[in-house]
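Chemist: Here it is, the structure in full.
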Amino acid sequence: MFTPILALHIPDGFLSVPVSVVGWLLAIILIAIALRQTRQQFGERQIPLMGILAACIFAGQMLNFPVSGGTSGHLLGATLAAILLGPYAAVLVMTCVVGVQALLFQDGGLLALGFNIFNMGIVAGFVGYAAYKWVWRMMGGSPVTQFAVAGIAAWLGVVIGAAVCALQLAVSGTSPLRIALPAMVGIHMLIGIGEALITVGAISFVRQTRPDLLNADSTQVATLGSGWIAVGLVIAIALAFASPLASSHPDGLEFVAEQSGFLQLAQNPAYNILPDYTVPFIQDQALTTIVAGIIGVLVVTGVGIGVARLTGRRPENSRANAPQTSSSR
Amino acid sequence: MSGLFQERYEAGNSLVHHLDARIKVVTAILLIVGIVLTPSGAFPAYPLLWAVIGSLAVIGNIGAWRLARLAAVALPFTLAAATLLFTTPGQPVVALMGLWITDAGVTRFLDIVIKSWLSVQVGLLLSITTPFTDLVWALSCLRVPNPLLAIIGFMYRYLFTLKEEAERMLRARAARSGSIVGYKSGGGLLWRTRIAGGMVGSLFLRSYERSERVYAAMLARGYSGQIKARIAAPLSWRSIGLGAIPVLIFLAIQVMARQAWSG
């Protein structure tokens, strides 16, 4: 059987080595940011809290509900974690979940782990969180809409995670985009419904029993400013992946041609390692565009974060060690 | 589902079990890179690669055939590559449901299936012969940030506790969901998802509150935000040499594949 959890865990062999390396670089950078941010957010509690909640999401993926015909729906958990703990904590929690699934249970490959973390932790978490925040604010922030918004966010997180996964498979030449994208997105539009319903159920339960956890968000506003940097980064990288696909357009082609002089120089060594690597519908130039696009995005982001650090030191750091909740048994 | 949670490590006394965990992690990653880099269509290379992995499995007391069967878990994902059979341009071979399978498509598809199957075997070999704590320690020696590894260590420590918590919830739900065959019981789909959501929320809260108690207990024992890592002993030349053997064989196969067999 082809369980929904497996559907997003890319095994080794499906992503080409350059694509895997890009995935690892993205994952490493975002994990480093997430480690710093959660350290600020939770202080010394970071390690036990993140560790136990990672185990919780892992175990929570067992809690399924029967749909029909022997299939069952269950949780990915990235958006739920992002709504309850903030996006950076969700990135860390999902990194640990996906990492341990790969290391201990061979669910997803080791080389492909970078992009598996990216798809299931970073994209699903951040997209879900951004959707949750934006839509809820647009709807006036009333508690009634909160559940609906959480559901939409969870659904979007899964679907966009799947779309990004399809792009990676296409760029690696494993599955043509015109088939992989509709197939992956189609399957996950269904899986996402289960995700959305469980997320809504979980949020409403938490709201009834520990509303303080949902409202703890006001203390997370401190991290939100740079949160948008990361969200922007994710979107920009997704666009970098899509850029060569748009290059069948005349405009896109011109753009590629303009860049390729410098790109060829930069990319030659990588191609000597892979002399007859063939990509069925995207030529090598597409890959170079993606790699260059991502490097560009990262450089710009680095500069952006640097400037932001210089211009505005946040005073909220002093709050890092204050416990967020009072109850303990 | 419970298969997902089985601890992979099997205690043993073999050469593979005793090899330094740092060497094993690096070797495993190099072997997987080697597998993935094998040029498309170099089919004589694959039995050789498998022979190397299989002999490692025999040395490690796992058995080549058992490892190969365990590795089949990754095969469902190959559906994602099945479309290549039809879409890769090449000579048509067989017609299926009105679509032509091309020879190049078959090559590419087999390539991906075999590569992923071999890679899973290498990953399995690593986790069957190495305790998880050693694996985490090896990663810390490879400069993976300590807070991340401390979090993973915590996760591992509570994974099976929370798994049992989740199992108790599932058992409780099953116990309360008696039904007579042929009669409709329980609520509709929405009702079922609400129950599952409540279970997830409940598990989350229990974990959250558990982490608060654990943190308080750690503070009481003098925790100051740092988790001490085990000190790394210097690597012996013998273990480096042992780890290098499969890597060098893989390298030789790569060279041959590129010179002679690449299609």
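Convention: chains lettered A, B, ... in structure tokens order; per-chain residue numbering from 1; ligands numbered from 1 as shown.
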Report as a PyMOL selection string all protein, DNA and RNA residues lying within 9 Å of Val21 in chain A, evaluated on only C-alpha atoms, omitting residues in the same chain fewer than 4 positions from it.

Modeler: chain A and resi 16-17+25-26+111-112+114-115

Chemist: Where does range 84-157 of chain A meet range 136-139 of chain B within 12 Å, residue by residue, with the nearest atom pair and distance in Å to one decimal for each, counting only C-alpha atoms, listed by chain and rising number, as a tab-separated table?

Modeler:
```
residue	atom	partner	partner_atom	distance
A:Cys96	CA	B:Val136	CA	11.8
A:Gly99	CA	B:Val136	CA	11.0
A:Val100	CA	B:Val136	CA	10.1
A:Leu103	CA	B:Val136	CA	9.6
A:Leu104	CA	B:Val136	CA	10.8
```

Chemist: With C-alpha atoms retained, write the just-selected residues as a compact mmCIF listing (two decimals), in the first residue's frame.

Modeler:
```txt
# COMPACT_ATOMS: atom_id res chain seq x y z
CA CYS A 96 13.82 16.09 13.41
CA GLY A 99 15.54 13.24 9.72
CA VAL A 100 14.79 10.42 12.14
CA LEU A 103 18.03 7.68 9.56
CA LEU A 104 16.11 5.16 11.60
```

Chemist: Just to confirm, what's the straight-line distance from CA of Leu85 in chain B to CA of Val113 in chain B in Å (one decimal)?

Modeler: 12.0 Å

Chemist: Can you tell me, as a PyMOL selection string, what residues are no more than 9 Å from Tyr208 in chain B when counting only C-alpha atoms, ignoring any on the same chain fewer than 4 positions away?

Modeler: (chain A and resi 49+52-53+56) or (chain B and resi 203-204+212-213)

Chemist: Let me see the file: selected residues, N, CA and C atoms, as a PDB file, in the first residue's frame.

Modeler:
```
ATOM      1  N   LEU A  49      11.657  20.882  24.882  1.00  0.00           N
ATOM      2  CA  LEU A  49      10.355  21.161  24.255  1.00  0.00           C
ATOM      3  C   LEU A  49      10.333  20.684  22.806  1.00  0.00           C
ATOM      4  N   ILE A  52      10.590  16.734  22.545  1.00  0.00           N
ATOM      5  CA  ILE A  52       9.392  15.970  22.896  1.00  0.00           C
ATOM      6  C   ILE A  52       8.285  16.236  21.881  1.00  0.00           C
ATOM      7  N   LEU A  53       8.186  17.471  21.401  1.00  0.00           N
ATOM      8  CA  LEU A  53       7.131  17.746  20.425  1.00  0.00           C
ATOM      9  C   LEU A  53       7.427  17.081  19.076  1.00  0.00           C
ATOM     10  N   CYS A  56       6.187  13.841  19.494  1.00  0.00           N
ATOM     11  CA  CYS A  56       4.719  13.916  19.492  1.00  0.00           C
ATOM     12  C   CYS A  56       4.180  13.933  18.064  1.00  0.00           C
TER      13      CYS A  56
ATOM     14  N   LEU B 203      -2.850  14.542  22.298  1.00  0.00           N
ATOM     15  CA  LEU B 203      -1.460  14.065  22.326  1.00  0.00           C
ATOM     16  C   LEU B 203      -0.497  15.242  22.391  1.00  0.00           C
ATOM     17  N   PHE B 204      -0.830  16.298  21.629  1.00  0.00           N
ATOM     18  CA  PHE B 204       0.025  17.484  21.643  1.00  0.00           C
ATOM     19  C   PHE B 204       0.096  18.079  23.047  1.00  0.00           C
ATOM     20  N   GLU B 212       7.195  20.323  29.790  1.00  0.00           N
ATOM     21  CA  GLU B 212       7.344  21.271  30.907  1.00  0.00           C
ATOM     22  C   GLU B 212       7.832  20.558  32.161  1.00  0.00           C
ATOM     23  N   ARG B 213       7.285  19.386  32.418  1.00  0.00           N
ATOM     24  CA  ARG B 213       7.730  18.638  33.606  1.00  0.00           C
ATOM     25  C   ARG B 213       9.178  18.196  33.451  1.00  0.00           C
TER      26      ARG B 213
END
```

Chemist: Return the single residue from A:Met139, A:Ala54, A:Ala82, A:Val123 that is closest to chain B, with distances computed using only C-alpha atoms.

Modeler: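 Using only C-alpha atoms, chain B sits closest to A:Ala54.
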
Chemist: Do you know which residues are at most 10 Å from Glu7 in chain B counting only C-alpha atoms, after dropping those on the same chain fewer than 6 positions away, and could you put them as a PDB file with C-alpha atoms, in the first residue's frame?

Modeler:
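Output file part22.pdb is given in full below:
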```
ATOM      1  CA  LEU A 104      16.115   5.164  11.598  1.00  0.00           C
ATOM      2  CA  PHE A 105      13.285   3.934   9.428  1.00  0.00           C
TER       3      PHE A 105
ATOM      4  CA  SER B 127      20.950   1.683  10.809  1.00  0.00           C
ATOM      5  CA  ILE B 128      20.835  -2.072  11.412  1.00  0.00           C
ATOM      6  CA  PRO B 131      22.878   2.035  17.599  1.00  0.00           C
ATOM      7  CA  PHE B 132      20.983   5.283  17.141  1.00  0.00           C
ATOM      8  CA  PHE B 160       8.578   5.193  22.018  1.00  0.00           C
TER       9      PHE B 160
END
```

Chemist: Which residues, written as an mmCIF file with N, CA and C atoms, in the first residue's frame, have at least one atom at most 12 Å from Ala232 in chain B, with only C-alpha atoms counted and residues fewer than 5 positions away on the same chain left out?

Modeler:
```cif
data_model
loop_
_atom_site.group_PDB
_atom_site.id
_atom_site.type_symbol
_atom_site.label_atom_id
_atom_site.label_comp_id
_atom_site.auth_asym_id
_atom_site.auth_seq_id
_atom_site.Cartn_x
_atom_site.Cartn_y
_atom_site.Cartn_z
ATOM 1 N N ASP B 20 33.970 1.956 13.582
ATOM 2 C CA ASP B 20 33.680 3.286 14.135
ATOM 3 C C ASP B 20 32.458 3.903 13.439
ATOM 4 N N ALA B 21 31.510 4.426 14.249
ATOM 5 C CA ALA B 21 30.265 4.944 13.666
ATOM 6 C C ALA B 21 30.527 6.103 12.713
ATOM 7 N N ARG B 22 31.557 6.917 13.016
ATOM 8 C CA ARG B 22 31.862 8.052 12.122
ATOM 9 C C ARG B 22 32.229 7.544 10.735
ATOM 10 N N ASP B 134 24.888 6.093 18.781
ATOM 11 C CA ASP B 134 26.184 6.198 18.108
ATOM 12 C C ASP B 134 26.067 6.995 16.814
ATOM 13 N N TRP B 137 25.964 10.555 17.726
ATOM 14 C CA TRP B 137 27.301 10.978 18.131
ATOM 15 C C TRP B 137 28.201 11.168 16.907
ATOM 16 N N ALA B 138 28.101 10.241 15.958
ATOM 17 C CA ALA B 138 28.905 10.363 14.739
ATOM 18 C C ALA B 138 28.557 11.648 14.001
ATOM 19 N N LEU B 139 27.269 11.990 13.961
ATOM 20 C CA LEU B 139 26.867 13.224 13.285
ATOM 21 C C LEU B 139 27.443 14.438 13.992
ATOM 22 N N SER B 140 27.532 14.376 15.332
ATOM 23 C CA SER B 140 28.084 15.533 16.043
ATOM 24 C C SER B 140 29.558 15.681 15.724
ATOM 25 N N CYS B 141 30.263 14.554 15.507
ATOM 26 C CA CYS B 141 31.669 14.645 15.106
ATOM 27 C C CYS B 141 31.783 15.201 13.688
ATOM 28 N N LEU B 142 30.721 15.079 12.899
ATOM 29 C CA LEU B 142 30.735 15.602 11.532
ATOM 30 C C LEU B 142 30.196 17.023 11.498
ATOM 31 N N ARG B 143 30.202 17.701 12.651
ATOM 32 C CA ARG B 143 29.887 19.124 12.749
ATOM 33 C C ARG B 143 28.411 19.452 12.534
#
```

Chemist: Which is closest to chain B among A:Ala55, A:Ala81, A:Ala90, A:Ile191, if we use only C-alpha atoms?

Modeler: A:Ala55

Chemist: Identify which of the residues A:Ala78, A:Leu156, A:Leu214, A:Val97 lies closest to chain B, counting only C-alpha atoms when measuring atom-to-atom distances.

Modeler: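 Under the stated criterion, the closest residue is A:Val97.
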